[in-house]
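Novice: As input, take input_23.txt (compact mmCIF, C-alpha atoms):
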# COMPACT_ATOMS: atom_id res chain seq x y z
CA MET B 17 0.00 0.00 0.00
CA SER B 18 1.39 3.39 -0.99
CA SER B 19 1.95 5.89 1.81
CA ILE B 20 0.69 8.66 -0.52
CA GLU B 21 -2.52 8.80 -2.53
CA VAL B 22 -2.85 11.28 -5.41
CA ARG B 23 -6.07 12.17 -7.23
CA ASP B 24 -7.13 14.95 -9.56
CA GLU B 25 -10.35 16.95 -9.52
CA GLY B 26 -10.13 19.24 -12.50
CA GLN B 27 -7.45 21.78 -11.65
CA LEU B 28 -7.15 20.54 -8.07
CA ARG B 29 -4.61 17.89 -7.22
CA TRP B 30 -5.06 16.13 -3.88
CA ILE B 31 -2.09 14.56 -2.12
CA ALA B 32 -3.31 12.45 0.79
CA LEU B 33 -1.11 10.96 3.48
CA ASN B 34 -1.94 7.27 3.67
CA ARG B 35 -0.20 5.59 6.59
CA PRO B 36 -3.07 5.20 9.05
CA GLN B 37 -1.47 2.38 11.01
CA LYS B 38 1.23 4.86 12.08
CA ARG B 39 -1.10 7.89 12.38
CA ASN B 40 0.46 9.19 9.14
CA ALA B 41 3.87 9.52 10.80
CA ILE B 42 6.29 10.75 8.13
CA ASP B 43 9.06 8.25 7.42
CA LEU B 44 11.68 8.19 4.67
CA ALA B 45 9.48 6.22 2.28
CA MET B 46 6.62 8.71 2.67
CA SER B 47 9.02 11.64 2.19
CA GLN B 48 10.28 10.10 -1.05
CA ALA B 49 6.76 9.38 -2.31
CA PHE B 50 5.66 12.90 -1.42
CA THR B 51 8.65 14.38 -3.27
CA ALA B 52 7.79 12.36 -6.37
CA ALA B 53 4.18 13.57 -6.18
CA LEU B 54 5.36 17.18 -5.92
CA GLU B 55 7.64 16.80 -8.92
CA ASP B 56 4.76 15.46 -10.99
CA ALA B 57 2.42 18.24 -9.81
CA ARG B 58 4.77 20.90 -11.22
CA LYS B 59 4.11 19.81 -14.80
CA GLN B 60 0.60 21.27 -15.20
CA PRO B 61 -1.08 24.23 -13.44
CA CYS B 62 -2.92 23.03 -10.36
CA VAL B 63 -3.90 24.07 -6.87
CA LEU B 64 -2.37 21.48 -4.57
CA VAL B 65 -4.44 20.25 -1.60
CA VAL B 66 -2.57 18.28 1.07
CA GLY B 67 -4.62 16.16 3.45
CA SER B 68 -5.14 12.63 4.70
CA SER B 69 -6.89 9.55 3.36
CA THR B 70 -8.14 8.83 6.90
CA PRO B 71 -10.77 11.11 8.52
CA GLY B 72 -9.70 12.55 11.87
CA MET B 73 -6.00 12.02 11.20
CA PHE B 74 -3.64 14.54 9.58
CA ALA B 75 -0.08 13.69 10.67
CA ALA B 76 1.31 12.79 14.07
CA GLY B 77 4.80 13.97 13.07
CA ALA B 78 7.94 12.20 11.99
CA ASP B 79 8.31 8.46 12.59
CA ILE B 80 10.07 8.44 15.98
CA ALA B 81 11.36 4.87 15.62
CA GLU B 82 13.15 5.91 12.44
CA LEU B 83 14.11 9.35 13.74
CA ARG B 84 15.76 7.91 16.85
CA ASP B 85 18.33 6.11 14.71
CA ARG B 86 19.17 9.03 12.44
CA ASP B 87 22.60 10.55 13.03
CA ALA B 88 24.29 13.84 12.15
CA ASP B 89 24.79 12.79 8.53
CA ALA B 90 21.07 12.09 8.22
CA ALA B 91 20.27 15.47 9.79
CA LEU B 92 22.46 17.22 7.24
CA LEU B 93 20.47 15.56 4.45
CA ALA B 94 17.47 17.61 5.70
CA ILE B 95 15.05 14.91 4.60
CA ASN B 96 11.76 16.40 5.81
CA ALA B 97 12.98 19.98 5.52
CA GLY B 98 13.80 19.33 1.87
CA VAL B 99 10.33 17.96 1.18
CA PHE B 100 8.67 20.94 2.83
CA GLU B 101 10.89 23.36 0.92
CA LYS B 102 9.69 21.72 -2.31
CA LEU B 103 6.08 21.96 -1.10
CA GLU B 104 6.47 25.66 -0.30
CA ALA B 105 8.05 26.15 -3.73
CA HIS B 106 5.15 24.52 -5.61
CA ARG B 107 4.55 26.79 -8.56
CA TRP B 108 0.93 27.57 -7.67
CA PRO B 109 -0.99 27.96 -4.39
CA THR B 110 -1.26 25.10 -1.90
CA ILE B 111 -3.87 24.30 0.75
CA ALA B 112 -3.50 22.04 3.78
CA VAL B 113 -6.68 20.36 5.02
CA VAL B 114 -6.06 19.50 8.66
CA ASP B 115 -8.44 17.07 10.36
CA GLY B 116 -7.16 15.81 13.71
CA PRO B 117 -3.59 16.12 15.01
CA ALA B 118 -0.92 18.11 13.18
CA LEU B 119 2.06 17.51 15.43
CA GLY B 120 5.79 18.01 14.87
CA GLY B 121 6.48 17.33 11.23
CA GLY B 122 2.72 17.29 10.63
CA CYS B 123 2.46 20.88 11.82
CA GLU B 124 5.52 21.80 9.74
CA LEU B 125 3.91 20.15 6.71
CA ALA B 126 0.80 22.29 7.14
CA LEU B 127 2.92 25.41 7.67
CA ALA B 128 4.68 24.83 4.35
CA CYS B 129 1.35 25.30 2.55
CA ASP B 130 -0.01 28.71 1.57
CA PHE B 131 -3.36 28.13 3.31
CA ARG B 132 -4.55 25.95 6.17
CA ILE B 133 -8.17 24.88 6.60
CA ALA B 134 -8.96 22.96 9.78
CA SER B 135 -11.77 20.81 11.05
CA HIS B 136 -13.15 21.54 14.51
CA ASN B 137 -11.19 18.64 15.98
CA ALA B 138 -7.83 19.69 14.51
CA TYR B 139 -5.01 20.61 16.85
CA PHE B 140 -1.44 21.75 16.37
CA GLY B 141 1.78 21.21 18.31
CA GLN B 142 5.57 21.12 18.06
CA PRO B 143 6.80 18.56 20.64
CA GLU B 144 10.34 18.25 19.27
CA LEU B 145 12.11 19.75 22.29
CA SER B 146 10.59 17.10 24.57
CA LEU B 147 12.31 14.54 22.33
CA GLY B 148 15.71 16.21 22.52
CA ILE B 149 15.66 17.74 19.03
CA LEU B 150 14.34 20.92 17.42
CA ALA B 151 11.68 21.76 14.86
CA GLY B 152 14.22 21.69 12.07
CA ALA B 153 11.86 21.25 9.12
CA GLY B 154 10.59 24.82 9.15
CA GLY B 155 8.81 25.07 12.50
CA ASN B 156 11.47 27.32 13.96
CA TRP B 157 10.70 30.12 11.53
CA ARG B 158 7.47 29.35 9.65
CA LEU B 159 5.56 29.15 12.92
CA ALA B 160 6.72 32.60 14.08
CA LEU B 161 6.17 34.03 10.60
CA THR B 162 2.61 32.69 10.48
CA ALA B 163 1.32 32.92 14.05
CA GLY B 164 3.75 35.34 15.70
CA GLN B 165 6.76 35.08 17.95
CA GLN B 166 4.85 34.57 21.22
CA VAL B 167 2.71 31.75 19.88
CA ALA B 168 5.85 30.12 18.48
CA ARG B 169 7.57 30.39 21.86
CA ARG B 170 4.63 28.81 23.69
CA MET B 171 4.43 25.94 21.22
CA LEU B 172 8.17 25.33 20.96
CA TYR B 173 9.47 26.13 24.46
CA ALA B 174 6.49 24.97 26.51
CA GLY B 175 4.99 22.34 24.22
CA ALA B 176 1.63 24.13 24.03
CA ARG B 177 -0.96 22.62 21.71
CA LEU B 178 -3.43 24.85 19.92
CA SER B 179 -7.01 23.77 19.27
CA ALA B 180 -8.55 24.65 15.92
CA ALA B 181 -10.23 27.72 17.46
CA GLU B 182 -6.97 28.85 19.10
CA ALA B 183 -5.08 28.30 15.84
CA LEU B 184 -7.64 30.42 13.99
CA ALA B 185 -7.33 33.23 16.55
CA ALA B 186 -3.54 33.11 16.24
CA GLY B 187 -3.61 33.21 12.45
CA LEU B 188 -2.13 29.74 12.17
CA VAL B 189 -5.16 28.58 10.17
CA ASP B 190 -7.27 30.53 7.69
CA GLU B 191 -10.59 28.84 8.37
CA VAL B 192 -12.23 26.30 10.66
CA ALA B 193 -14.97 24.45 8.78
CA ASP B 194 -17.56 21.75 9.37
CA ASP B 195 -16.45 20.24 6.05
CA PRO B 196 -12.82 21.27 5.46
CA ASP B 197 -12.62 19.39 2.14
CA ALA B 198 -15.55 21.44 0.80
CA ALA B 199 -13.99 24.64 2.16
CA ALA B 200 -10.75 23.78 0.36
CA ARG B 201 -12.64 23.23 -2.88
CA ALA B 202 -14.40 26.58 -2.50
CA LEU B 203 -11.10 28.40 -1.90
CA ALA B 204 -9.44 26.59 -4.79
CA ALA B 205 -12.33 27.56 -7.08
CA LYS B 206 -11.62 31.23 -6.37
CA ILE B 207 -7.89 30.75 -6.96
CA THR B 208 -8.31 28.93 -10.27
CA ARG B 209 -10.24 31.87 -11.71
CA GLN B 210 -7.01 33.88 -11.63
CA SER B 211 -4.23 33.89 -14.23
CA TRP B 212 -1.96 30.87 -13.63
CA ARG B 213 1.11 32.83 -14.73
CA ALA B 214 0.21 35.76 -12.48
CA LEU B 215 -0.35 33.36 -9.57
CA GLU B 216 3.05 31.79 -10.14
CA LEU B 217 4.86 35.12 -10.31
CA THR B 218 3.00 36.51 -7.28
CA LYS B 219 3.96 33.45 -5.29
CA LEU B 220 7.60 33.97 -6.26
CA ALA B 221 7.36 37.61 -5.17
CA LEU B 222 5.94 36.68 -1.77
CA ARG B 223 8.57 33.97 -1.23
CA SER B 224 11.38 36.47 -1.81
CA HIS B 225 10.67 37.90 1.66
CA ARG B 226 11.01 34.62 3.57
CA PRO B 227 13.86 34.16 6.05
CA ALA B 228 16.63 31.67 5.27
CA THR B 229 17.25 29.60 8.39
CA THR B 230 17.38 26.11 6.93
CA THR B 231 21.18 25.97 7.07
CA PHE B 232 21.21 26.73 10.79
CA ASP B 233 18.43 24.21 11.44
CA MET B 234 20.41 21.51 9.64
CA ALA B 235 23.57 22.19 11.65
CA ALA B 236 21.71 22.39 14.98
CA GLN B 237 19.75 19.22 14.26
CA ALA B 238 22.96 17.38 13.34
CA LEU B 239 24.38 18.24 16.76
CA LEU B 240 21.22 17.11 18.56
CA PHE B 241 20.85 13.91 16.55
CA GLU B 242 24.17 12.66 17.98
CA SER B 243 23.17 13.26 21.61
CA GLN B 244 22.42 10.54 24.15
CA ASP B 245 19.64 12.77 25.48
CA LYS B 246 17.79 12.55 22.17
CA HIS B 247 18.18 8.77 22.06
CA ASP B 248 16.96 8.35 25.64
CA ARG B 249 13.97 10.65 25.19
CA MET B 250 12.85 8.97 21.98
CA THR B 251 13.27 5.53 23.51
CA ALA B 252 11.08 6.61 26.43
CA PHE B 253 8.48 7.95 23.97
CA LEU B 254 8.41 4.68 22.05
CA ASN B 255 8.14 2.66 25.26
CA ARG B 256 5.17 4.77 26.42
CA ARG B 257 3.49 4.23 23.03
CA ARG B 258 3.97 0.45 23.27
CA GLY B 259 2.64 0.46 26.84
Here is a file; write its structure as structure tokens.
Specialist:
Amino acid sequence: MSSIEVRDEGQLRWIALNRPQKRNAIDLAMSQAFTAALEDARKQPCVLVVGSSTPGMFAAGADIAELRDRDADAALLAINAGVFEKLEAHRWPTIAVVDGPALGGGCELALACDFRIASHNAYFGQPELSLGILAGAGGNWRLALTAGQQVARRMLYAGARLSAAEALAAGLVDEVADDPDAAARALAAKITRQSWRALELTKLALRSHRPATTTFDMAAQALLFESQDKHDRMTAFLNRRRG
């Protein structure tokens, strides 16, 4: 079974995370499949909608069992950060449909999209520091850029989780909807009435103002990935999950 499902609806292309047995935790195979889907989506104008094939489940983050064994060399490959950079750089607008938890890499995945539409039971968090690492796939700067410095500090330093309503108030999501898929379609319908070339150039113009912190995140994550603290914390997390 593929960890990514892709389907087209006219000028909308849906990329759905499809690893329900692991709560859509992002592992290397999913990252590679997602990258391939993004490369294919660049060929024809489309609004990209990123969601999940399983209702009530967006993405619980990176796969901790795999992450625990990654070392400094793996950190410097910037596996998830590279995928999210490609997602942000999609030629035309992107929409994340968040239903359920968007934690760690799941939150960073949503942040890499231009818009975020949440269900009422969505929630957002960045628990990386409790695992001895940092939010090195964009959370360190996209979160502050989107929801503000104080919200980013609460989520990163203190592990605060935001409900859908709190995320809306903070500007982390654009809309909370009873039917987020339908809301995404409605937004995409407005976008697709615009000039595709003008959309592409406007997106490039807006991206020119983004901060460039990926290099620091890679170096910092490489240092943390080699620590015993990270290994111990992730082992404890996995043991709690098994219990």
Novice: Return the single residue from B:Leu103, B:Asn34, B:Thr162, B:Arg84 that is closest to Thr70 of chain B, with distances computed using all atoms listed in the file.
Specialist: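 Smallest distance to Thr70 of chain B is found for B:Asn34.
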Novice: Hey, can you check how far atom CA of Phe100 of chain B sits from atom CA of Leu125 of chain B?
Specialist: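 Computing it gives 6.2 Å between the two atoms.
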Novice: Go through B:Leu240, B:Ala78, B:Ala163, B:Leu119 one by one, measure the shortest atom-to-atom distance of each to Leu184 of chain B using only C-alpha atoms, and give the residue with the smallest value.
Specialist: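 Looking at the shortest contact to Leu184 of chain B, the residue is B:Ala163.
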Novice: Which residues of segment 61-125 of chain B come within 10 Å of segment 138-144 of chain B, and what is each one's closest atom pair and distance in Å (one decimal), counting only C-alpha atoms, sorted by chain and residue number, as a tab-separated table?
Specialist:
residue	atom	partner	partner_atom	distance
B:Gly72	CA	B:Ala138	CA	7.8
B:Met73	CA	B:Ala138	CA	8.6
B:Phe74	CA	B:Ala138	CA	8.3
B:Ala75	CA	B:Phe140	CA	10.0
B:Ala76	CA	B:Gly141	CA	9.4
B:Gly77	CA	B:Gln142	CA	8.8
B:Ala78	CA	B:Glu144	CA	9.8
B:Val113	CA	B:Ala138	CA	9.6
B:Val114	CA	B:Ala138	CA	6.1
B:Asp115	CA	B:Ala138	CA	4.9
B:Gly116	CA	B:Ala138	CA	4.0
B:Pro117	CA	B:Tyr139	CA	5.1
B:Ala118	CA	B:Phe140	CA	4.9
B:Leu119	CA	B:Gly141	CA	4.7
B:Gly120	CA	B:Gln142	CA	4.5
B:Gly121	CA	B:Gln142	CA	7.9
B:Gly122	CA	B:Phe140	CA	8.4
B:Cys123	CA	B:Phe140	CA	6.1
B:Glu124	CA	B:Gln142	CA	8.3
Novice: Hey, what's within 9 Å of Ser69 of chain B if we count only C-alpha atoms and toss same-chain stuff fewer than 2 positions away? As a list in words, please?
Specialist: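 Here the answer would be Ile20, Glu21, Ile31, Ala32, Leu33, Asn34, Arg35, Pro36, Gly67, Pro71, Met73 and Phe74 of chain B.
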Novice: I'd like the interatomic distance between atom CA of Ala168 of chain B and atom CA of Asp245 of chain B, to a tenth of an Å.
Specialist: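 Atom CA of Asp245 of chain B lies 23.2 Å from atom CA of Ala168 of chain B.
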Novice: Identify, on the basis of only C-alpha atoms, every residue whose closest approach to Leu145 of chain B does not exceed 9 Å; exclude the query and any residue fewer than 5 positions from it along the same chain; express the result as a list in words.
Specialist: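 Answer for this query is Leu150, Ala151, Leu172, Tyr173, Ala174 and Gly175 of chain B.
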Novice: Between B:Thr208, B:Ala88, B:Val22, B:His106, single out the one closest to Glu55 of chain B, counting all atoms listed in the file.
Specialist: B:His106
